[in-house]
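To be precise, the following lines are structure-v3.csv, and they hold CSV, C-alpha atoms.
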chain,number,residue,atom,x,y,z
E,1,MET,CA,-14.6,106.3,192.0
E,2,TYR,CA,-15.9,109.7,192.9
E,3,ILE,CA,-19.5,110.4,194.0
E,4,ASP,CA,-20.1,113.2,191.5
E,5,TYR,CA,-22.8,115.8,192.3
E,6,ARG,CA,-21.5,118.6,190.0
E,7,THR,CA,-24.0,117.9,187.3
E,8,ASP,CA,-26.5,115.4,185.9
E,9,ALA,CA,-25.0,115.8,182.5
E,10,GLY,CA,-22.0,113.6,183.2
E,11,THR,CA,-23.9,110.3,183.7
E,12,ARG,CA,-22.6,107.1,182.0
E,13,PRO,CA,-24.8,105.5,179.3
E,14,THR,CA,-26.7,102.4,180.3
E,15,GLU,CA,-25.9,99.0,178.7
E,16,GLU,CA,-29.0,99.4,176.5
E,17,MET,CA,-27.8,102.7,175.3
E,18,ARG,CA,-24.3,101.3,174.5
E,19,LYS,CA,-25.9,98.5,172.5
E,20,ALA,CA,-28.2,100.9,170.7
E,21,MET,CA,-25.1,103.0,169.8
E,22,TYR,CA,-23.2,99.9,168.5
E,23,TYR,CA,-26.1,98.6,166.4
E,24,ALA,CA,-27.5,101.9,165.3
E,25,GLU,CA,-28.7,102.3,161.7
E,26,VAL,CA,-26.9,105.3,160.2
E,27,GLY,CA,-27.1,107.5,157.2
E,28,ASP,CA,-26.3,111.1,156.3
E,29,ASP,CA,-28.5,113.4,158.4
E,30,VAL,CA,-27.5,116.4,156.3
E,31,PHE,CA,-29.7,114.8,153.6
E,32,GLY,CA,-32.3,113.7,156.1
E,33,GLU,CA,-31.2,110.0,155.5
E,34,ASP,CA,-30.3,108.8,158.9
E,35,PRO,CA,-33.1,106.5,160.1
E,36,SER,CA,-32.1,106.6,163.7
E,37,VAL,CA,-32.1,110.4,163.7
E,38,ASN,CA,-35.4,110.4,162.0
E,39,ARG,CA,-37.0,108.1,164.5
E,40,LEU,CA,-35.7,110.2,167.4
E,41,GLU,CA,-37.0,113.4,165.9
E,42,GLU,CA,-40.4,112.0,165.0
E,43,THR,CA,-40.8,110.4,168.5
E,44,ALA,CA,-39.7,113.7,170.3
E,45,ALA,CA,-42.1,115.8,168.1
E,46,GLU,CA,-45.0,113.5,168.9
E,47,MET,CA,-44.3,113.5,172.7
E,48,LEU,CA,-44.0,117.3,172.8
E,49,GLY,CA,-47.1,117.8,170.6
E,50,LYS,CA,-45.1,119.8,168.0
E,51,GLU,CA,-45.1,119.5,164.2
E,52,SER,CA,-41.3,118.9,163.9
E,53,ALA,CA,-38.2,118.3,165.9
E,54,LEU,CA,-34.4,118.7,165.4
E,55,LEU,CA,-31.5,116.8,167.0
E,56,VAL,CA,-28.7,119.1,168.2
E,57,THR,CA,-25.5,118.5,170.0
E,58,SER,CA,-26.4,120.4,173.2
E,59,GLY,CA,-29.1,122.3,175.0
E,60,THR,CA,-27.2,125.5,174.5
E,61,MET,CA,-27.2,124.9,170.7
E,62,GLY,CA,-31.0,124.2,170.9
E,63,ASN,CA,-31.6,127.4,172.7
E,64,GLN,CA,-29.5,129.4,170.3
E,65,LEU,CA,-31.3,127.9,167.3
E,66,ALA,CA,-34.6,128.8,168.8
E,67,ILE,CA,-33.4,132.4,169.1
E,68,LEU,CA,-31.9,132.5,165.6
E,69,SER,CA,-35.0,131.0,164.0
E,70,GLN,CA,-37.5,133.3,165.7
E,71,SER,CA,-35.9,136.7,166.0
E,72,SER,CA,-34.2,139.2,163.7
E,73,PRO,CA,-30.9,141.2,164.3
E,74,GLY,CA,-31.7,144.3,166.2
E,75,SER,CA,-34.8,142.9,167.8
E,76,GLU,CA,-35.0,142.4,171.6
E,77,ILE,CA,-35.4,139.1,173.5
E,78,LEU,CA,-36.7,139.0,177.1
E,79,VAL,CA,-34.8,136.5,179.3
E,80,GLU,CA,-35.2,135.7,183.0
E,81,ASP,CA,-32.3,137.4,184.8
E,82,THR,CA,-30.8,134.2,186.3
E,83,SER,CA,-31.6,131.9,183.4
E,84,HIS,CA,-29.1,129.6,181.7
E,85,ILE,CA,-29.5,131.5,178.4
E,86,PHE,CA,-28.6,134.8,180.1
E,87,ILE,CA,-25.8,133.6,182.4
E,88,ASN,CA,-24.3,130.4,181.0
E,89,GLU,CA,-24.3,130.7,177.2
E,90,ALA,CA,-21.5,133.2,176.7
E,91,ALA,CA,-23.7,135.9,175.2
E,92,SER,CA,-24.0,133.8,172.0
E,93,HIS,CA,-27.4,135.2,171.2
E,94,SER,CA,-26.0,138.7,171.1
E,95,ILE,CA,-22.9,137.7,169.1
E,96,ILE,CA,-24.5,135.3,166.6
E,97,ALA,CA,-28.2,136.3,166.4
E,98,GLY,CA,-27.4,140.0,166.9
E,99,VAL,CA,-30.3,140.5,169.3
E,100,GLN,CA,-30.6,142.8,172.2
E,101,THR,CA,-31.1,141.0,175.5
E,102,ARG,CA,-33.3,142.5,178.3
E,103,PRO,CA,-33.1,140.6,181.6
E,104,ILE,CA,-36.4,140.3,183.5
E,105,PRO,CA,-36.6,139.6,187.3
E,106,SER,CA,-38.4,136.6,188.6
E,107,ASN,CA,-39.2,134.6,191.7
E,108,LYS,CA,-37.5,131.3,191.2
E,109,GLY,CA,-38.1,131.5,187.5
E,110,ILE,CA,-41.7,132.6,187.9
E,111,ILE,CA,-42.2,136.0,186.0
E,112,GLU,CA,-45.0,138.3,187.0
E,113,LEU,CA,-47.5,138.9,184.2
E,114,ARG,CA,-47.4,142.7,184.7
E,115,THR,CA,-43.6,142.6,184.3
E,116,ILE,CA,-44.0,141.1,180.8
E,117,ARG,CA,-46.8,143.3,179.8
E,118,ALA,CA,-44.7,146.3,180.7
E,119,ALA,CA,-41.5,144.9,179.0
E,120,ILE,CA,-42.9,143.9,175.6
E,121,ARG,CA,-42.1,146.4,172.8
E,122,THR,CA,-44.3,146.2,169.8
E,123,PRO,CA,-43.2,146.5,166.1
E,124,GLY,CA,-42.9,150.1,165.2
E,125,GLU,CA,-40.8,151.0,168.2
E,126,ALA,CA,-37.1,151.5,167.8
E,127,THR,CA,-36.5,148.0,169.1
E,128,TYR,CA,-39.3,145.4,169.2
E,129,THR,CA,-39.6,142.3,171.3
E,130,SER,CA,-39.3,139.2,169.2
E,131,LEU,CA,-39.0,136.5,171.8
E,132,LEU,CA,-39.6,135.6,175.5
E,133,CYS,CA,-37.3,132.9,176.8
E,134,LEU,CA,-38.4,130.8,179.9
E,135,GLU,CA,-36.7,128.0,181.8
E,136,ASN,CA,-38.3,125.0,183.5
E,137,THR,CA,-37.1,123.5,185.8
E,138,HIS,CA,-35.2,126.5,187.0
E,139,ASN,CA,-31.5,125.6,187.5
E,140,ARG,CA,-30.2,128.5,189.6
E,141,SER,CA,-33.2,128.4,192.0
E,142,GLY,CA,-32.4,124.8,192.8
E,143,GLY,CA,-34.4,122.9,190.2
E,144,THR,CA,-37.7,124.5,191.1
E,145,ILE,CA,-40.7,124.1,188.9
E,146,VAL,CA,-42.3,127.0,187.1
E,147,PRO,CA,-46.1,126.3,187.3
E,148,LEU,CA,-47.9,125.5,184.1
E,149,GLU,CA,-50.4,128.3,184.8
E,150,ASN,CA,-47.7,130.9,184.8
E,151,ILE,CA,-46.3,129.7,181.5
E,152,LYS,CA,-49.9,129.6,180.0
E,153,ASP,CA,-50.6,133.1,181.1
E,154,LEU,CA,-47.3,134.4,179.8
E,155,TYR,CA,-47.9,132.7,176.5
E,156,SER,CA,-51.3,134.3,176.2
E,157,ILE,CA,-49.8,137.8,176.7
E,158,CYS,CA,-47.1,137.1,174.1
E,159,LYS,CA,-49.5,135.7,171.6
E,160,ASN,CA,-51.6,138.8,171.7
E,161,SER,CA,-48.6,141.0,171.1
E,162,GLY,CA,-47.0,138.8,168.4
E,163,THR,CA,-44.1,137.8,170.6
E,164,LYS,CA,-42.8,134.2,170.3
E,165,VAL,CA,-42.1,132.1,173.4
E,166,HIS,CA,-39.2,129.6,173.8
E,167,LEU,CA,-38.9,127.2,176.7
E,168,ASP,CA,-35.5,126.1,177.8
E,169,GLY,CA,-36.7,122.7,179.1
E,170,ALA,CA,-33.3,121.2,179.7
E,171,ARG,CA,-34.8,119.5,182.8
E,172,LEU,CA,-38.4,119.7,181.7
E,173,PHE,CA,-39.0,116.0,182.3
E,174,ASN,CA,-38.1,116.5,186.0
E,175,ALA,CA,-41.1,118.9,186.2
E,176,VAL,CA,-43.2,116.4,184.3
E,177,VAL,CA,-42.5,113.6,186.8
E,178,ALA,CA,-42.8,115.8,189.9
E,179,THR,CA,-46.2,117.3,188.8
E,180,SER,CA,-47.7,114.4,186.7
E,181,ILE,CA,-48.5,117.0,184.0
E,182,PRO,CA,-47.8,115.6,180.6
E,183,VAL,CA,-44.9,117.1,178.7
E,184,HIS,CA,-47.0,118.1,175.8
E,185,GLU,CA,-49.1,120.3,178.1
E,186,TYR,CA,-46.0,122.3,179.1
E,187,ALA,CA,-44.9,122.5,175.4
E,188,ARG,CA,-48.4,123.5,174.3
E,189,TYR,CA,-47.9,127.0,175.6
E,190,THR,CA,-44.6,127.6,173.7
E,191,ASP,CA,-43.6,128.2,170.2
E,192,THR,CA,-40.4,126.2,170.6
E,193,VAL,CA,-39.1,124.0,173.4
E,194,GLN,CA,-35.7,122.5,174.0
E,195,ILE,CA,-35.2,119.3,176.0
E,196,CYS,CA,-31.8,118.0,177.0
E,197,LEU,CA,-31.3,114.2,176.6
E,198,CYS,CA,-28.0,114.0,178.4
E,199,LYS,CA,-29.0,115.3,181.8
E,200,GLY,CA,-31.3,113.3,184.0
E,201,LEU,CA,-32.3,111.0,181.1
E,202,GLY,CA,-28.7,109.8,180.8
E,203,ALA,CA,-27.9,109.9,177.1
E,204,PRO,CA,-24.2,110.4,176.3
E,205,ILE,CA,-24.9,113.5,174.1
E,206,GLY,CA,-27.7,115.5,172.5
E,207,ALA,CA,-30.7,117.7,172.8
E,208,ILE,CA,-34.0,118.3,170.9
E,209,LEU,CA,-35.5,121.5,169.6
E,210,ALA,CA,-39.2,121.2,168.7
E,211,GLY,CA,-41.6,123.6,167.1
E,212,SER,CA,-43.6,124.2,163.9
E,213,GLU,CA,-42.4,122.8,160.6
E,214,ASP,CA,-41.4,126.3,159.3
E,215,CYS,CA,-39.5,127.2,162.5
E,216,ILE,CA,-37.6,123.9,162.6
E,217,ALA,CA,-36.8,124.2,158.9
E,218,ARG,CA,-35.1,127.6,159.7
E,219,ALA,CA,-33.4,126.1,162.7
E,220,ARG,CA,-32.0,123.3,160.5
E,221,ILE,CA,-30.4,125.8,158.2
E,222,TRP,CA,-28.9,127.7,161.2
E,223,ARG,CA,-27.6,124.4,162.6
E,224,GLN,CA,-25.8,123.9,159.2
E,225,ARG,CA,-24.3,127.4,159.5
E,226,LEU,CA,-23.1,126.7,163.0
E,227,GLY,CA,-21.4,123.5,161.9
E,228,GLY,CA,-23.9,121.3,163.8
E,229,ALA,CA,-25.1,119.2,160.8
E,230,MET,CA,-23.9,115.6,161.4
E,231,PRO,CA,-23.5,112.7,158.9
E,232,GLN,CA,-24.1,109.3,160.4
E,233,ALA,CA,-25.5,110.9,163.6
E,234,GLY,CA,-27.4,107.7,164.3
E,235,ILE,CA,-24.7,106.7,166.8
E,236,ILE,CA,-25.9,109.7,168.8
E,237,ALA,CA,-29.6,109.4,168.1
E,238,ALA,CA,-30.0,105.7,168.9
E,239,PRO,CA,-28.9,106.0,172.6
E,240,ALA,CA,-30.8,109.3,172.9
E,241,LEU,CA,-34.0,107.5,171.8
E,242,VAL,CA,-33.4,104.9,174.5
E,243,ALA,CA,-33.1,107.8,177.0
E,244,LEU,CA,-36.2,109.5,175.8
E,245,THR,CA,-38.4,106.3,175.8
E,246,THR,CA,-37.1,104.5,178.9
E,247,MET,CA,-35.5,106.9,181.4
E,248,ILE,CA,-38.3,109.4,182.2
E,249,ASP,CA,-40.2,107.6,185.0
E,250,ARG,CA,-37.0,106.8,186.9
E,251,LEU,CA,-36.4,110.6,187.5
E,252,SER,CA,-38.6,110.2,190.6
E,253,GLU,CA,-35.8,108.2,192.1
E,254,ASP,CA,-33.4,111.2,191.7
E,255,HIS,CA,-36.0,113.5,193.4
E,256,GLU,CA,-36.3,111.1,196.4
E,257,LYS,CA,-32.5,111.0,196.7
E,258,ALA,CA,-32.3,114.8,196.6
E,259,LYS,CA,-34.8,115.0,199.5
E,260,GLN,CA,-32.9,112.4,201.5
E,261,LEU,CA,-29.7,114.3,200.9
E,262,ALA,CA,-31.3,117.7,201.8
E,263,GLN,CA,-32.7,116.3,205.0
E,264,GLY,CA,-29.4,114.8,206.1
E,265,LEU,CA,-27.4,118.0,205.3
E,266,ALA,CA,-29.9,120.2,207.0
E,267,GLU,CA,-29.4,118.4,210.3
E,268,MET,CA,-25.7,119.4,210.4
E,269,SER,CA,-24.5,122.4,212.4
E,270,GLY,CA,-24.2,125.6,210.4
E,271,VAL,CA,-25.8,124.1,207.2
E,272,LEU,CA,-28.9,125.6,205.8
E,273,VAL,CA,-31.2,124.1,203.2
E,274,ASP,CA,-34.4,125.8,201.9
E,275,PHE,CA,-36.7,122.8,201.5
E,276,GLN,CA,-39.1,124.8,199.4
E,277,THR,CA,-36.6,124.7,196.6
E,278,VAL,CA,-35.9,120.9,196.8
E,279,GLN,CA,-38.6,120.0,194.3
E,280,THR,CA,-36.7,117.9,191.8
E,281,ASN,CA,-33.0,116.7,191.7
E,282,ILE,CA,-31.0,119.8,192.8
E,283,VAL,CA,-30.1,120.7,196.4
E,284,MET,CA,-28.6,124.1,197.2
E,285,VAL,CA,-26.7,124.1,200.5
E,286,ASN,CA,-25.8,127.3,202.3
E,287,VAL,CA,-22.6,126.5,204.2
E,288,GLN,CA,-21.7,130.0,205.5
E,289,GLY,CA,-22.8,129.1,209.0
E,290,THR,CA,-20.1,126.3,209.2
E,291,GLN,CA,-17.3,128.9,209.4
E,292,LYS,CA,-15.4,126.9,206.8
E,293,PRO,CA,-14.6,128.5,203.5
E,294,PRO,CA,-16.6,126.9,200.7
E,295,GLN,CA,-13.5,126.2,198.6
E,296,GLU,CA,-12.0,124.4,201.6
E,297,LEU,CA,-15.1,122.3,202.0
E,298,ILE,CA,-15.0,121.5,198.2
E,299,TYR,CA,-11.4,120.5,198.5
E,300,ASN,CA,-11.8,118.3,201.5
E,301,LEU,CA,-14.9,116.7,200.0
E,302,LYS,CA,-12.9,115.8,196.9
E,303,LYS,CA,-10.3,114.2,199.1
E,304,GLU,CA,-13.1,112.2,200.6
E,305,GLY,CA,-14.3,111.2,197.1
E,306,VAL,CA,-17.2,113.6,196.8
E,307,LEU,CA,-17.4,116.2,194.0
E,308,VAL,CA,-19.6,119.3,194.4
E,309,SER,CA,-19.5,122.9,193.0
E,310,GLU,CA,-20.0,126.3,194.5
E,311,PHE,CA,-22.9,127.8,192.6
E,312,SER,CA,-23.0,131.1,194.3
E,313,PRO,CA,-21.0,132.7,197.2
E,314,GLY,CA,-21.3,130.3,200.2
E,315,VAL,CA,-23.8,128.0,198.4
E,316,LEU,CA,-22.9,124.5,197.2
E,317,ARG,CA,-24.9,122.7,194.6
E,318,PHE,CA,-25.6,119.0,194.7
E,319,VAL,CA,-27.3,117.4,191.7
E,320,THR,CA,-28.6,113.8,192.0
E,321,HIS,CA,-28.8,111.5,189.0
E,322,LYS,CA,-28.9,107.9,188.0
E,323,ASP,CA,-25.3,107.2,188.8
E,324,ILE,CA,-25.7,108.2,192.5
E,325,SER,CA,-27.3,105.5,194.7
E,326,VAL,CA,-29.1,105.7,198.0
E,327,ASN,CA,-25.9,104.2,199.6
E,328,ASN,CA,-23.9,107.0,198.0
E,329,ILE,CA,-26.2,109.5,199.7
E,330,ASP,CA,-25.6,107.9,203.1
E,331,GLU,CA,-21.9,107.8,202.5
E,332,THR,CA,-21.9,111.4,201.4
E,333,LEU,CA,-23.6,112.5,204.6
E,334,ILE,CA,-21.1,110.6,206.7
E,335,ARG,CA,-18.1,112.1,204.9
E,336,PHE,CA,-19.6,115.7,205.0
E,337,ALA,CA,-20.2,115.4,208.8
E,338,ARG,CA,-16.7,114.2,209.3
E,339,ILE,CA,-15.2,117.1,207.4
E,340,LEU,CA,-17.3,119.6,209.5
E,341,LEU,CA,-15.8,118.1,212.7
E,342,GLN,CA,-12.2,118.5,211.5
Would you mind writing the file out in structure tokens?
Amino acid sequence: MYIDYRTDAGTRPTEEMRKAMYYAEVGDDVFGEDPSVNRLEETAAEMLGKESALLVTSGTMGNQLAILSQSSPGSEILVEDTSHIFINEAASHSIIAGVQTRPIPSNKGIIELRTIRAAIRTPGEATYTSLLCLENTHNRSGGTIVPLENIKDLYSICKNSGTKVHLDGARLFNAVVATSIPVHEYARYTDTVQICLCKGLGAPIGAILAGSEDCIARARIWRQRLGGAMPQAGIIAAPALVALTTMIDRLSEDHEKAKQLAQGLAEMSGVLVDFQTVQTNIVMVNVQGTQKPPQELIYNLKKEGVLVSEFSPGVLRFVTHKDISVNNIDETLIRFARILLQ
């Protein structure tokens, strides 16, 4: 079996999740009659401190529903220039929501306040700013944490200008565990927040979008339009509820494994790791100094039973998760060192 570091979204469901799926109470969620879905949405809304929540199939769908329900065609949304929404969601916000996207520079997901003040366009201009999209933790920066104070200050600026704020919190619980700041505090300074249940939390499928009752009502209609309404979705919601209520605290184990992996890799010749970015469960590894092409390393690692991805030129990404053990970390380091010596 491979040791798979490519993503934390490919984890296998726990035995408790499998049982929950098997015994799930189901109904037609299109009519709001699936008790398992209702329990999940009510639990998520309460945890996040929001009025309402909606089960969706993926984090990408959650992000797109947030855009669709809070912006108008022809308006502009501000997105961080290396965010998942901007880079990895196939420009769906432009195609489906009809919004103009303006990328904003950041430092590991942290956007300067003056940048947002200068960027926001108010109603009355040719194109006005309807939404600011943030991301926490920040994937392309190596799972770094955007400080709560930064989010709070950005939210204050947007609130004064009438601009909504959406948080792509696909890995928000990693930030919660690393900082000990409750998740509702992060969500407090947003109009909508998306959390992914199938990444570090280990559910087989699903994400949650949470916000006001009116906003989620609009998002529910958009979910219907996009074909995301699901009859008998309890078989998805039941294991997702297990993930949400039992799998958060163990994320600290993934963080420790990431630090262990980063330390071991950094000790190898030609390998560089920026330890300032190893804050949660992602390790970015610069291998340009090894004089071995990244694709060759990836190929040889796969032959050794280790799966990784090249995330940017010369940089490999390792993501730790529940299916990777401490022994797997040790074995990975042994195999990586062996490949470097070949």
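Taking atom CA of E:Ala262 and atom CA of E:Ile181 as the two end points, the separation is 24.8 Å.
The interatomic distance for the pair atom CA of E:Ala24 and atom CA of E:Asp323 works out to 24.2 Å.
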Original post:
Of the candidates E:Ala240, E:Met1, E:Leu131, E:Leu78, which shows the shortest atom-to-atom distance to E:Thr163, using only C-alpha atoms?
Top reply: E:Leu131
E:Asp29: which residues within 6 Å, counting all atoms listed in the file, same-chain residues fewer than 3 positions away excluded, as a JSON list (two decimals) with C-alpha atoms, in the coordinates of the input?
[["chain", "number", "residue", "atom", "x", "y", "z"],
["E", 32, "GLY", "CA", -32.30, 113.70, 156.10],
["E", 33, "GLU", "CA", -31.20, 110.00, 155.50],
["E", 34, "ASP", "CA", -30.30, 108.80, 158.90],
["E", 230, "MET", "CA", -23.90, 115.60, 161.40],
["E", 231, "PRO", "CA", -23.50, 112.70, 158.90]]
Could you make a table, as CSV, of the residues of stretch 271-299 of chain E that have an atom within 9 Å of an atom of stretch 135-140 of chain E, each with its nearest atom pair and distance in Å to one decimal, counting only C-alpha atoms, in chain and number order?
residue,atom,partner,partner_atom,distance
E:Thr280,CA,E:Thr137,CA,8.2
E:Ile282,CA,E:Asn139,CA,7.9
E:Met284,CA,E:Arg140,CA,8.9
**OP:** Fewer than 2 positions away in the same chain doesn't count, so skip those; otherwise give me all residues within 12 Å of E:Gln263, counting only C-alpha atoms, as a list in words.
**Re:** Glu256, Lys257, Ala258, Lys259, Gln260, Leu261, Leu265, Ala266, Glu267, Met268, Val271, Leu272, Val273, Asp274, Phe275, Val278, Val283, Met284, Val285, Ile329, Asp330 and Leu333 of chain E
Subject >> stretch 112-119 of chain E environment, 12 Å, all atoms listed in the file, sequence neighbours closer than 5 positions dropped, as a ChimeraX atom specification >> reply: /E:76-80,101-107,127-134,146,149-161,163,165
**OP:** Could you jot down the atom CA of E:Leu244 to atom CA of E:Leu197 separation for me, Å, one decimal place?
**Re:** 6.8 Å
Subject >> From E:Ile339, E:Val56, E:Ala233, E:Met17, residue lying nearest E:Leu297 [all atoms listed in the file] >> reply: E:Ile339
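Protein, DNA and RNA residues at most 10 Å from (-29.4, 115.5, 185.8), with all atoms listed in the file, are these: Tyr5, Arg6, Thr7, Asp8, Ala9, Gly10, Thr11, Gly143, Ala170, Arg171, Asn174, Cys196, Leu197, Cys198, Lys199, Gly200, Leu201, Gly202, Leu251, Asp254, Thr280, Asn281, Ile282, Val319, Thr320, His321, Lys322 and Asp323 of chain E.
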Those same residues - C-alpha atoms - I'd like them written as a PDB file, keeping the file's coordinate frame.
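Dumped everything to selection_36.pdb:
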ATOM      1  CA  TYR E   5     -22.800 115.800 192.300  1.00  0.00           C
ATOM      2  CA  ARG E   6     -21.500 118.600 190.000  1.00  0.00           C
ATOM      3  CA  THR E   7     -24.000 117.900 187.300  1.00  0.00           C
ATOM      4  CA  ASP E   8     -26.500 115.400 185.900  1.00  0.00           C
ATOM      5  CA  ALA E   9     -25.000 115.800 182.500  1.00  0.00           C
ATOM      6  CA  GLY E  10     -22.000 113.600 183.200  1.00  0.00           C
ATOM      7  CA  THR E  11     -23.900 110.300 183.700  1.00  0.00           C
ATOM      8  CA  GLY E 143     -34.400 122.900 190.200  1.00  0.00           C
ATOM      9  CA  ALA E 170     -33.300 121.200 179.700  1.00  0.00           C
ATOM     10  CA  ARG E 171     -34.800 119.500 182.800  1.00  0.00           C
ATOM     11  CA  ASN E 174     -38.100 116.500 186.000  1.00  0.00           C
ATOM     12  CA  CYS E 196     -31.800 118.000 177.000  1.00  0.00           C
ATOM     13  CA  LEU E 197     -31.300 114.200 176.600  1.00  0.00           C
ATOM     14  CA  CYS E 198     -28.000 114.000 178.400  1.00  0.00           C
ATOM     15  CA  LYS E 199     -29.000 115.300 181.800  1.00  0.00           C
ATOM     16  CA  GLY E 200     -31.300 113.300 184.000  1.00  0.00           C
ATOM     17  CA  LEU E 201     -32.300 111.000 181.100  1.00  0.00           C
ATOM     18  CA  GLY E 202     -28.700 109.800 180.800  1.00  0.00           C
ATOM     19  CA  LEU E 251     -36.400 110.600 187.500  1.00  0.00           C
ATOM     20  CA  ASP E 254     -33.400 111.200 191.700  1.00  0.00           C
ATOM     21  CA  THR E 280     -36.700 117.900 191.800  1.00  0.00           C
ATOM     22  CA  ASN E 281     -33.000 116.700 191.700  1.00  0.00           C
ATOM     23  CA  ILE E 282     -31.000 119.800 192.800  1.00  0.00           C
ATOM     24  CA  VAL E 319     -27.300 117.400 191.700  1.00  0.00           C
ATOM     25  CA  THR E 320     -28.600 113.800 192.000  1.00  0.00           C
ATOM     26  CA  HIS E 321     -28.800 111.500 189.000  1.00  0.00           C
ATOM     27  CA  LYS E 322     -28.900 107.900 188.000  1.00  0.00           C
ATOM     28  CA  ASP E 323     -25.300 107.200 188.800  1.00  0.00           C
TER      29      ASP E 323
END
Original post:
Of the residues E:Gln232, E:Arg188, E:His255, E:Gly162, which is the one nearest to E:Ala175, using all atoms listed in the file?
Top reply: E:His255
**OP:** Pull the neighbourhood of (-14.2, 119.1, 198.2) for me: all residues within 12 Å in file coordinates, counting all atoms listed in the file, as a ChimeraX atom specification.
**Re:** /E:2-6,292-310,316-318,332,335-336,339-340
Save the residues we just selected, C-alpha atoms, as a CSV table (one decimal), in the frame of the given file?
chain,number,residue,atom,x,y,z
E,2,TYR,CA,-15.9,109.7,192.9
E,3,ILE,CA,-19.5,110.4,194.0
E,4,ASP,CA,-20.1,113.2,191.5
E,5,TYR,CA,-22.8,115.8,192.3
E,6,ARG,CA,-21.5,118.6,190.0
E,292,LYS,CA,-15.4,126.9,206.8
E,293,PRO,CA,-14.6,128.5,203.5
E,294,PRO,CA,-16.6,126.9,200.7
E,295,GLN,CA,-13.5,126.2,198.6
E,296,GLU,CA,-12.0,124.4,201.6
E,297,LEU,CA,-15.1,122.3,202.0
E,298,ILE,CA,-15.0,121.5,198.2
E,299,TYR,CA,-11.4,120.5,198.5
E,300,ASN,CA,-11.8,118.3,201.5
E,301,LEU,CA,-14.9,116.7,200.0
E,302,LYS,CA,-12.9,115.8,196.9
E,303,LYS,CA,-10.3,114.2,199.1
E,304,GLU,CA,-13.1,112.2,200.6
E,305,GLY,CA,-14.3,111.2,197.1
E,306,VAL,CA,-17.2,113.6,196.8
E,307,LEU,CA,-17.4,116.2,194.0
E,308,VAL,CA,-19.6,119.3,194.4
E,309,SER,CA,-19.5,122.9,193.0
E,310,GLU,CA,-20.0,126.3,194.5
E,316,LEU,CA,-22.9,124.5,197.2
E,317,ARG,CA,-24.9,122.7,194.6
E,318,PHE,CA,-25.6,119.0,194.7
E,332,THR,CA,-21.9,111.4,201.4
E,335,ARG,CA,-18.1,112.1,204.9
E,336,PHE,CA,-19.6,115.7,205.0
E,339,ILE,CA,-15.2,117.1,207.4
E,340,LEU,CA,-17.3,119.6,209.5
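Closest approach to E:Thr179 among E:Ile324, E:Ala20, E:Leu209, E:Leu148: E:Leu148, based on all atoms listed in the file.
Considering all atoms listed in the file, the residue among E:Cys215, E:Ile96, E:Asn286, E:Pro204 positioned nearest to E:Thr14 is E:Pro204.
For E:Ala210, the set of protein, DNA and RNA residues having any atom at most 7 Å away, when counting only C-alpha atoms and skipping those fewer than 4 positions along the same chain, is E:Ala45, E:Lys50, E:Ser52, E:Ala53, E:Leu54, E:Thr192, E:Val193, E:Gln194, E:Ile216.
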Atoms to include: C-alpha atoms. Write the selected residues as a PDB file, keeping the file's coordinate frame.
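Final output, result.pdb:
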ATOM      1  CA  ALA E  45     -42.100 115.800 168.100  1.00  0.00           C
ATOM      2  CA  LYS E  50     -45.100 119.800 168.000  1.00  0.00           C
ATOM      3  CA  SER E  52     -41.300 118.900 163.900  1.00  0.00           C
ATOM      4  CA  ALA E  53     -38.200 118.300 165.900  1.00  0.00           C
ATOM      5  CA  LEU E  54     -34.400 118.700 165.400  1.00  0.00           C
ATOM      6  CA  THR E 192     -40.400 126.200 170.600  1.00  0.00           C
ATOM      7  CA  VAL E 193     -39.100 124.000 173.400  1.00  0.00           C
ATOM      8  CA  GLN E 194     -35.700 122.500 174.000  1.00  0.00           C
ATOM      9  CA  ILE E 216     -37.600 123.900 162.600  1.00  0.00           C
TER      10      ILE E 216
END
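Distances here use only C-alpha atoms; by that measure, the residue among E:Gly211, E:Gly74, E:Gly314, E:Gly228 closest to E:Gly270 is E:Gly314.
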Original post:
Got a sec: who's within 6 Å of E:Val37, counting all atoms listed in the file, leaving out chain neighbours fewer than 2 positions off, as an MDAnalysis selection string?
Top reply: chainID E and resid 34:35 39:40 234 237
